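**Student:** Here it is, the structure in full.
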Amino acid sequence: MTTPKKRVGILISGRGSNMLSLISAARAPDYPAEIVCVVSNRPNAEGLAKAQSEGVLACTIDGKAFDSREAFEDALDTQFKRLGVDIIACAGFMKLLTPGFVKRWHDRMINIHPSLLPSFKGLDTHERALEAGVKIAGCSVHVVRAEVDSGPIIAQAAVPVLEGDTPESLAARVLEAEHRLYPHALALFATGQAAVSGERIAGPQVPINQEKALFWPPLGSISGRDPNQT
Ligand code: GRF
């Protein structure tokens, strides 16, 4: 007997490129999740039309049309429950969620953030990473907790920061990694291979088949000595 696919609702506010990466991954017959709807809190989000053209149910629940955040969140909740959503995947969703909503979806809501958490939470991540002079940047997928950009980390990807990078060039490099990371992390979460245990993600135990460490700049690339070379 095959395990039923997890039903995923995606929350967006804008462009929706991560949303598209999830929709596209979920087309594979063996992907463990299906995207049942996309909800935007902004009526003019570009991602809405993109979802529709992919044949995915997409709608706006306008954050500004409600008297309170709670009323807005009740509408979200109703929509997701009506569609039998198991997991909410936030993908560029820019509205703060109340602790009450986060609690209702405890361990059933995930998010992608364009930094190596817990560094650079919040907005303007790439500007701040460049200001701090970090040599390696990246992105994280995590389980959502009430505090912004916090919660057990499911998966991360690292990219180098290059000389002359601008926030835009760094963002573009990180975004490419996001598009590969998010479908992978959602699959791990949907299958339970990545499960919350004691506010951390336990597992998955997989063999390391790539470089065990990412060096940037590469060891020995300029005048530094690569300790692996004799
Ligand atoms: C991504 O960088 C995501 O990590 C962040 O907001 C951006 C959304 O981009 N939370 P898109 O809407 O997925 O293209």
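Simple scheme: letters A, B, ... for chains in structure tokens order, numbers from 1 for residues in each chain, numbers from 1 for ligands in the order shown.
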Residues near Met109 (chain A), anyone? I mean within 9 Å using only C-alpha atoms, not counting same-chain ones fewer than 2 positions away, as a list in words.
**Tutor:**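 Here the answer would be Asp86, Ile87, Ile88, Ala89, Cys90, Val102, Trp105, His106, Asp107, Asn111, His142, Val143, Val144 and Arg145 of chain A.
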**Student:** May I ask you to write as a VMD selection string all residues lying at most 10 Å from ligand 1, with only C-alpha atoms and all ligand atoms counted?
**Tutor:** chain A and resid 11 to 22 45 to 47 90 to 94 111 to 115 122 to 123 125 to 126 138 to 141 149 171 to 172 174 to 179 182
**Student:** Using only C-alpha atoms, which residues sit within 7 Å of Ala190 (chain A) once same-chain residues fewer than 4 positions away are excluded, as a list in words?
**Tutor:**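 That gives Lys6, Pro32, Ala33 and Leu186 of chain A.
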**Student:** Mind dumping the selected residues with N, CA and C atoms as a compact mmCIF listing (two decimals), in the first residue's frame?
**Tutor:**
```txt
# COMPACT_ATOMS: atom_id res chain seq x y z
N LYS A 6 1.34 13.98 1.50
CA LYS A 6 0.92 15.06 2.39
C LYS A 6 0.34 16.19 1.54
N PRO A 32 6.68 13.11 -2.15
CA PRO A 32 5.77 12.72 -1.07
C PRO A 32 4.71 13.76 -0.69
N ALA A 33 4.64 14.86 -1.43
CA ALA A 33 3.65 15.89 -1.08
C ALA A 33 3.00 16.41 -2.34
N LEU A 186 11.13 20.03 2.10
CA LEU A 186 9.71 19.68 2.23
C LEU A 186 9.53 18.16 2.13
```
**Student:** Hey, which of A:Asp77, A:Glu147, A:Asp62, A:Glu127 ends up closest to Thr98 (chain A)? Count only C-alpha atoms.
**Tutor:**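 Checking each of A:Asp77, A:Glu147, A:Asp62, A:Glu127 against Thr98 (chain A), counting only C-alpha atoms, the winner is A:Glu147.
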**Student:** As a list in words, please: the residues near Leu188 (chain A) (cut-off 10 Å, only C-alpha atoms, same-chain neighbours under 6 positions excluded).
**Tutor:** Pro32, Ile154, Ala155, Tyr182, Ala194, Ala195, Gly203 and Pro204 of chain A
**Student:** From the list A:Ala187, A:Leu214, A:Val148, A:Leu48, which residue is nearest Ile136 (chain A) when using only C-alpha atoms?
**Tutor:**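 So, comparing all the options, the nearest one is A:Leu214.
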**Student:** When DSSP is applied to the backbone of this structure, which of region 18-54 of chain A are assigned strand (DSSP E)? Write them out as number ranges by chain.
**Tutor:** A: 33-40
